[in-house]
$ cat structure-v4.pdb   # PDB, C-alpha atoms
ATOM      1  CA  MET A   1     -11.091  11.228  15.755
ATOM      2  CA  LEU A   2     -14.332  10.054  14.190
ATOM      3  CA  ASP A   3     -14.085  12.719  11.494
ATOM      4  CA  ALA A   4     -10.539  11.640  10.627
ATOM      5  CA  LEU A   5     -11.575   7.985  10.555
ATOM      6  CA  LEU A   6     -14.438   8.843   8.207
ATOM      7  CA  VAL A   7     -12.051  10.753   5.937
ATOM      8  CA  LEU A   8      -9.562   7.868   5.817
ATOM      9  CA  LEU A   9     -12.186   5.194   5.226
ATOM     10  CA  GLY A  10     -14.101   7.429   2.825
ATOM     11  CA  LEU A  11     -11.025   7.966   0.668
ATOM     12  CA  GLN A  12     -10.361   4.237   0.694
ATOM     13  CA  LEU A  13     -13.961   3.648  -0.404
ATOM     14  CA  VAL A  14     -13.696   6.229  -3.183
ATOM     15  CA  GLY A  15     -10.466   4.615  -4.359
ATOM     16  CA  GLU A  16     -12.091   1.187  -4.318
ATOM     17  CA  LEU A  17     -15.136   2.402  -6.253
ATOM     18  CA  VAL A  18     -13.081   4.208  -8.905
ATOM     19  CA  VAL A  19     -10.818   1.194  -9.430
ATOM     20  CA  ARG A  20     -13.750  -1.173  -9.768
ATOM     21  CA  LEU A  21     -15.798   1.091 -12.032
ATOM     22  CA  LEU A  22     -12.901   1.920 -14.353
ATOM     23  CA  HIS A  23     -11.320  -1.568 -14.157
ATOM     24  CA  TRP A  24      -7.909  -0.131 -13.281
ATOM     25  CA  PRO A  25      -5.158  -2.624 -12.385
ATOM     26  CA  LEU A  26      -4.515  -0.902  -9.066
ATOM     27  CA  PRO A  27      -5.611  -1.692  -5.519
ATOM     28  CA  GLY A  28      -8.370   0.635  -4.346
ATOM     29  CA  PRO A  29      -6.626   1.497  -1.070
ATOM     30  CA  VAL A  30      -3.565   2.639  -3.033
ATOM     31  CA  LEU A  31      -5.709   5.045  -5.034
ATOM     32  CA  GLY A  32      -7.359   6.157  -1.785
ATOM     33  CA  MET A  33      -3.932   6.839  -0.308
ATOM     34  CA  ALA A  34      -2.997   8.859  -3.407
ATOM     35  CA  LEU A  35      -6.202  10.862  -2.973
ATOM     36  CA  LEU A  36      -5.299  11.452   0.681
ATOM     37  CA  TRP A  37      -1.850  12.667  -0.376
ATOM     38  CA  LEU A  38      -3.449  15.010  -2.915
ATOM     39  CA  GLY A  39      -5.856  16.265  -0.259
ATOM     40  CA  LEU A  40      -2.989  16.908   2.143
ATOM     41  CA  LEU A  41      -1.135  18.831  -0.568
ATOM     42  CA  LEU A  42      -4.169  20.989  -1.301
ATOM     43  CA  ARG A  43      -5.194  21.452   2.335
ATOM     44  CA  PRO A  44      -2.167  21.079   4.626
ATOM     45  CA  ARG A  45      -4.229  21.725   7.767
ATOM     46  CA  TRP A  46      -5.909  18.342   7.255
ATOM     47  CA  ALA A  47      -2.673  16.777   8.478
ATOM     48  CA  GLU A  48      -3.210  17.992  12.041
ATOM     49  CA  ALA A  49      -6.774  16.675  12.055
ATOM     50  CA  ILE A  50      -5.824  13.249  10.701
ATOM     51  CA  LYS A  51      -2.497  12.813  12.514
ATOM     52  CA  PRO A  52      -3.782  11.392  15.858
ATOM     53  CA  THR A  53      -5.969   8.815  14.126
ATOM     54  CA  ALA A  54      -3.208   7.826  11.710
ATOM     55  CA  GLN A  55      -0.753   7.463  14.585
ATOM     56  CA  GLY A  56      -3.266   5.242  16.388
ATOM     57  CA  PHE A  57      -3.437   2.989  13.333
ATOM     58  CA  LEU A  58       0.349   2.887  13.062
ATOM     59  CA  GLN A  59       0.728   1.950  16.733
ATOM     60  CA  HIS A  60      -1.442  -1.117  16.147
ATOM     61  CA  LEU A  61      -0.164  -1.959  12.675
ATOM     62  CA  SER A  62       1.243  -5.267  13.885
ATOM     63  CA  LEU A  63      -2.308  -6.517  14.472
ATOM     64  CA  LEU A  64      -2.885  -6.399  10.716
ATOM     65  CA  PHE A  65      -0.253  -9.117  10.289
ATOM     66  CA  VAL A  66      -2.121 -11.581  12.517
ATOM     67  CA  PRO A  67      -4.441 -12.814   9.720
ATOM     68  CA  ALA A  68      -1.461 -13.351   7.425
ATOM     69  CA  GLY A  69       0.347 -15.289  10.157
ATOM     70  CA  VAL A  70      -2.727 -17.437  10.752
ATOM     71  CA  GLY A  71      -2.949 -18.097   7.006
ATOM     72  CA  VAL A  72       0.678 -19.199   6.909
ATOM     73  CA  MET A  73       0.172 -21.547   9.848
ATOM     74  CA  LEU A  74      -3.039 -22.908   8.324
ATOM     75  CA  HIS A  75      -1.379 -23.689   4.988
ATOM     76  CA  LEU A  76       2.043 -24.698   6.277
ATOM     77  CA  ASN A  77       1.923 -28.074   4.501
ATOM     78  CA  ARG A  78       1.122 -26.422   1.179
ATOM     79  CA  LEU A  79       3.941 -23.932   1.668
ATOM     80  CA  GLY A  80       6.279 -26.873   2.221
ATOM     81  CA  ASP A  81       5.054 -28.540  -0.970
ATOM     82  CA  GLU A  82       5.574 -25.337  -2.967
ATOM     83  CA  ALA A  83       8.827 -24.291  -1.248
ATOM     84  CA  LEU A  84      10.964 -24.542  -4.385
ATOM     85  CA  ALA A  85       8.592 -22.457  -6.506
ATOM     86  CA  ILE A  86       8.196 -19.881  -3.731
ATOM     87  CA  GLY A  87      11.957 -19.698  -3.217
ATOM     88  CA  VAL A  88      12.663 -19.263  -6.927
ATOM     89  CA  ALA A  89       9.961 -16.597  -7.218
ATOM     90  CA  LEU A  90      11.361 -14.698  -4.224
ATOM     91  CA  VAL A  91      14.936 -14.804  -5.476
ATOM     92  CA  LEU A  92      14.049 -13.867  -9.057
ATOM     93  CA  SER A  93      11.688 -11.054  -8.063
ATOM     94  CA  THR A  94      14.336  -9.661  -5.711
ATOM     95  CA  LEU A  95      17.023  -9.775  -8.406
ATOM     96  CA  ILE A  96      14.720  -8.252 -11.008
ATOM     97  CA  GLY A  97      13.662  -5.513  -8.597
ATOM     98  CA  MET A  98      17.284  -4.721  -7.775
ATOM     99  CA  ALA A  99      18.258  -4.672 -11.473
ATOM    100  CA  VAL A 100      15.379  -2.370 -12.420
ATOM    101  CA  THR A 101      16.203  -0.061  -9.518
ATOM    102  CA  ALA A 102      19.888   0.045 -10.493
ATOM    103  CA  TRP A 103      19.006   0.727 -14.124
ATOM    104  CA  THR A 104      16.585   3.500 -13.122
ATOM    105  CA  VAL A 105      19.128   5.157 -10.813
ATOM    106  CA  HIS A 106      21.817   4.893 -13.489
ATOM    107  CA  ALA A 107      19.514   6.431 -16.125
ATOM    108  CA  LEU A 108      18.455   9.248 -13.793
ATOM    109  CA  LEU A 109      22.037  10.030 -12.794
ATOM    110  CA  ARG A 110      23.069  10.240 -16.448
ATOM    111  CA  ARG A 111      20.249  12.711 -17.129
ATOM    112  CA  GLY A 112      21.177  14.961 -14.206
TER     113      GLY A 112
END

$ encode --input "structure-v4.pdb" --output "C-alpha cells"
Amino acid sequence: MLDALLVLLGLQLVGELVVRLLHWPLPGPVLGMALLWLGLLLRPRWAEAIKPTAQGFLQHLSLLFVPAGVGVMLHLNRLGDEALAIGVALVLSTLIGMAVTAWTVHALLRRG
C-alpha cells in the first residue's frame, strides 16, 4: 500500500513540477493522472499493485468535498450577493458545453 501511495503521490508531484516549470495551463494533478495512465498502458501489472490503494481513496472520496462545503457555508452571504452572476455563468457554461459537445459529435459522425 505504501508503494502504491508513493507512486500516486510521486506522479502527482512530477505533474505539478512539470506544469510549474514549463508554465503549462494545466493542473499538475491532471498531468500526473495522464502519466499514471501512460504508466498503466506500458506496464499493465501496475494496476494490481495500485488498485487497493486507489479503491481506498475512492471509498473516502466524499471526505474531499468537506472543505468545499465548509467554504460554501463560510461565504454564504457572498454567494447570495453574487447569485445572479453565478446563475448566469452556470447556465451559459452548461449551454456552451452542450453545444460544443453536440457539434463535436455531429462532426465526428459525419467523418465516420

$ atom_distance --input "structure-v4.pdb" --atom1 "CA of Leu79 in chain A" --atom2 "CA of Ala99 in chain A"
27.4 Å

$ residues_around --input "structure-v4.pdb" --residues "range 26-33 of chain A" --least-positions-apart "5" --cutoff "10 Å" --atoms "all atoms listed in the file" --output "PyMOL selection string"
chain A and resi 8-20+38-39

$ atom_distance --input "structure-v4.pdb" --atom1 "CA of Thr53 in chain A" --atom2 "CA of Ala34 in chain A"
17.8 Å

$ atom_distance --input "structure-v4.pdb" --atom1 "CA of Pro52 in chain A" --atom2 "CA of Met1 in chain A"
7.3 Å

$ closest_residue --input "structure-v4.pdb" --among "A:Trp37, A:Phe65, A:Trp24, A:Trp46" --to "Ala4 in chain A" --atoms "only C-alpha atoms"
A:Trp46

$ resolve_selection --input "structure-v4.pdb" --expression "the PyMOL selection byres ((chain A and resi 51) around 12)" --output "JSON list (two decimals) with C-alpha atoms, in the coordinates of the input"
[["chain", "number", "residue", "atom", "x", "y", "z"],
["A", 1, "MET", "CA", -11.09, 11.23, 15.76],
["A", 3, "ASP", "CA", -14.08, 12.72, 11.49],
["A", 4, "ALA", "CA", -10.54, 11.64, 10.63],
["A", 5, "LEU", "CA", -11.58, 7.98, 10.56],
["A", 7, "VAL", "CA", -12.05, 10.75, 5.94],
["A", 8, "LEU", "CA", -9.56, 7.87, 5.82],
["A", 40, "LEU", "CA", -2.99, 16.91, 2.14],
["A", 44, "PRO", "CA", -2.17, 21.08, 4.63],
["A", 45, "ARG", "CA", -4.23, 21.72, 7.77],
["A", 46, "TRP", "CA", -5.91, 18.34, 7.26],
["A", 47, "ALA", "CA", -2.67, 16.78, 8.48],
["A", 48, "GLU", "CA", -3.21, 17.99, 12.04],
["A", 49, "ALA", "CA", -6.77, 16.68, 12.06],
["A", 50, "ILE", "CA", -5.82, 13.25, 10.70],
["A", 52, "PRO", "CA", -3.78, 11.39, 15.86],
["A", 53, "THR", "CA", -5.97, 8.82, 14.13],
["A", 54, "ALA", "CA", -3.21, 7.83, 11.71],
["A", 55, "GLN", "CA", -0.75, 7.46, 14.58],
["A", 56, "GLY", "CA", -3.27, 5.24, 16.39],
["A", 57, "PHE", "CA", -3.44, 2.99, 13.33],
["A", 58, "LEU", "CA", 0.35, 2.89, 13.06]]

$ axis_aligned_box --input "structure-v4.pdb" --around "range 89-103 of chain A" --padding-each-side "3 Å" --output "AutoDock Vina command-line options"
--center_x 14.9 --center_y -7.9 --center_z -9.2 --size_x 15.9 --size_y 23.3 --size_z 15.9

$ build_atoms --input "structure-v4.pdb" --residues "range 77-88 of chain A" --atoms "all heavy atoms" --output "mmCIF file, keeping the file's coordinate frame"
data_model
loop_
_atom_site.group_PDB
_atom_site.id
_atom_site.type_symbol
_atom_site.label_atom_id
_atom_site.label_comp_id
_atom_site.auth_asym_id
_atom_site.auth_seq_id
_atom_site.Cartn_x
_atom_site.Cartn_y
_atom_site.Cartn_z
ATOM 1 N N ASN A 77 1.610 -26.907 5.337
ATOM 2 C CA ASN A 77 1.923 -28.074 4.501
ATOM 3 C C ASN A 77 2.021 -27.686 3.033
ATOM 4 O O ASN A 77 2.918 -28.127 2.320
ATOM 5 C CB ASN A 77 0.870 -29.167 4.675
ATOM 6 C CG ASN A 77 0.979 -29.835 6.025
ATOM 7 O OD1 ASN A 77 2.039 -29.828 6.638
ATOM 8 N ND2 ASN A 77 -0.123 -30.377 6.493
ATOM 9 N N ARG A 78 1.099 -26.852 2.585
ATOM 10 C CA ARG A 78 1.122 -26.422 1.179
ATOM 11 C C ARG A 78 2.367 -25.584 0.899
ATOM 12 O O ARG A 78 2.963 -25.695 -0.171
ATOM 13 C CB ARG A 78 -0.130 -25.634 0.854
ATOM 14 C CG ARG A 78 -0.194 -25.242 -0.590
ATOM 15 C CD ARG A 78 -1.517 -24.690 -0.989
ATOM 16 N NE ARG A 78 -1.489 -24.375 -2.413
ATOM 17 C CZ ARG A 78 -2.361 -23.629 -2.984
ATOM 18 N NH1 ARG A 78 -3.360 -23.123 -2.295
ATOM 19 N NH2 ARG A 78 -2.288 -23.372 -4.270
ATOM 20 N N LEU A 79 2.728 -24.726 1.849
ATOM 21 C CA LEU A 79 3.941 -23.932 1.668
ATOM 22 C C LEU A 79 5.164 -24.839 1.547
ATOM 23 O O LEU A 79 6.071 -24.555 0.772
ATOM 24 C CB LEU A 79 4.109 -22.949 2.830
ATOM 25 C CG LEU A 79 3.144 -21.774 2.855
ATOM 26 C CD1 LEU A 79 3.310 -20.982 4.144
ATOM 27 C CD2 LEU A 79 3.356 -20.876 1.660
ATOM 28 N N GLY A 80 5.181 -25.914 2.320
ATOM 29 C CA GLY A 80 6.279 -26.873 2.221
ATOM 30 C C GLY A 80 6.309 -27.553 0.868
ATOM 31 O O GLY A 80 7.383 -27.751 0.285
ATOM 32 N N ASP A 81 5.135 -27.898 0.349
ATOM 33 C CA ASP A 81 5.054 -28.540 -0.970
ATOM 34 C C ASP A 81 5.512 -27.609 -2.084
ATOM 35 O O ASP A 81 6.056 -28.048 -3.087
ATOM 36 C CB ASP A 81 3.623 -29.014 -1.261
ATOM 37 C CG ASP A 81 3.166 -30.114 -0.315
ATOM 38 O OD1 ASP A 81 4.040 -30.748 0.308
ATOM 39 O OD2 ASP A 81 1.939 -30.323 -0.201
ATOM 40 N N GLU A 82 5.255 -26.327 -1.933
ATOM 41 C CA GLU A 82 5.574 -25.337 -2.967
ATOM 42 C C GLU A 82 6.839 -24.543 -2.644
ATOM 43 O O GLU A 82 7.075 -23.475 -3.210
ATOM 44 C CB GLU A 82 4.392 -24.354 -3.115
ATOM 45 C CG GLU A 82 3.065 -25.001 -3.405
ATOM 46 C CD GLU A 82 2.986 -25.593 -4.805
ATOM 47 O OE1 GLU A 82 3.759 -25.162 -5.674
ATOM 48 O OE2 GLU A 82 2.157 -26.498 -5.010
ATOM 49 N N ALA A 83 7.660 -25.039 -1.722
ATOM 50 C CA ALA A 83 8.827 -24.291 -1.248
ATOM 51 C C ALA A 83 9.788 -23.923 -2.375
ATOM 52 O O ALA A 83 10.291 -22.794 -2.417
ATOM 53 C CB ALA A 83 9.561 -25.078 -0.172
ATOM 54 N N LEU A 84 10.032 -24.829 -3.293
ATOM 55 C CA LEU A 84 10.964 -24.542 -4.385
ATOM 56 C C LEU A 84 10.435 -23.410 -5.266
ATOM 57 O O LEU A 84 11.165 -22.459 -5.573
ATOM 58 C CB LEU A 84 11.222 -25.797 -5.223
ATOM 59 C CG LEU A 84 12.178 -25.596 -6.405
ATOM 60 C CD1 LEU A 84 13.562 -25.176 -5.906
ATOM 61 C CD2 LEU A 84 12.256 -26.860 -7.237
ATOM 62 N N ALA A 85 9.182 -23.500 -5.654
ATOM 63 C CA ALA A 85 8.592 -22.457 -6.506
ATOM 64 C C ALA A 85 8.561 -21.113 -5.787
ATOM 65 O O ALA A 85 8.875 -20.071 -6.383
ATOM 66 C CB ALA A 85 7.176 -22.857 -6.925
ATOM 67 N N ILE A 86 8.225 -21.124 -4.507
ATOM 68 C CA ILE A 86 8.196 -19.881 -3.731
ATOM 69 C C ILE A 86 9.601 -19.304 -3.613
ATOM 70 O O ILE A 86 9.809 -18.097 -3.791
ATOM 71 C CB ILE A 86 7.566 -20.126 -2.346
ATOM 72 C CG1 ILE A 86 6.076 -20.444 -2.491
ATOM 73 C CG2 ILE A 86 7.761 -18.916 -1.432
ATOM 74 C CD1 ILE A 86 5.423 -20.935 -1.217
ATOM 75 N N GLY A 87 10.574 -20.152 -3.330
ATOM 76 C CA GLY A 87 11.957 -19.698 -3.217
ATOM 77 C C GLY A 87 12.485 -19.098 -4.510
ATOM 78 O O GLY A 87 13.108 -18.030 -4.510
ATOM 79 N N VAL A 88 12.219 -19.769 -5.624
ATOM 80 C CA VAL A 88 12.663 -19.263 -6.927
ATOM 81 C C VAL A 88 11.985 -17.928 -7.228
ATOM 82 O O VAL A 88 12.630 -16.976 -7.685
ATOM 83 C CB VAL A 88 12.388 -20.294 -8.042
ATOM 84 C CG1 VAL A 88 12.588 -19.687 -9.418
ATOM 85 C CG2 VAL A 88 13.270 -21.514 -7.857
#
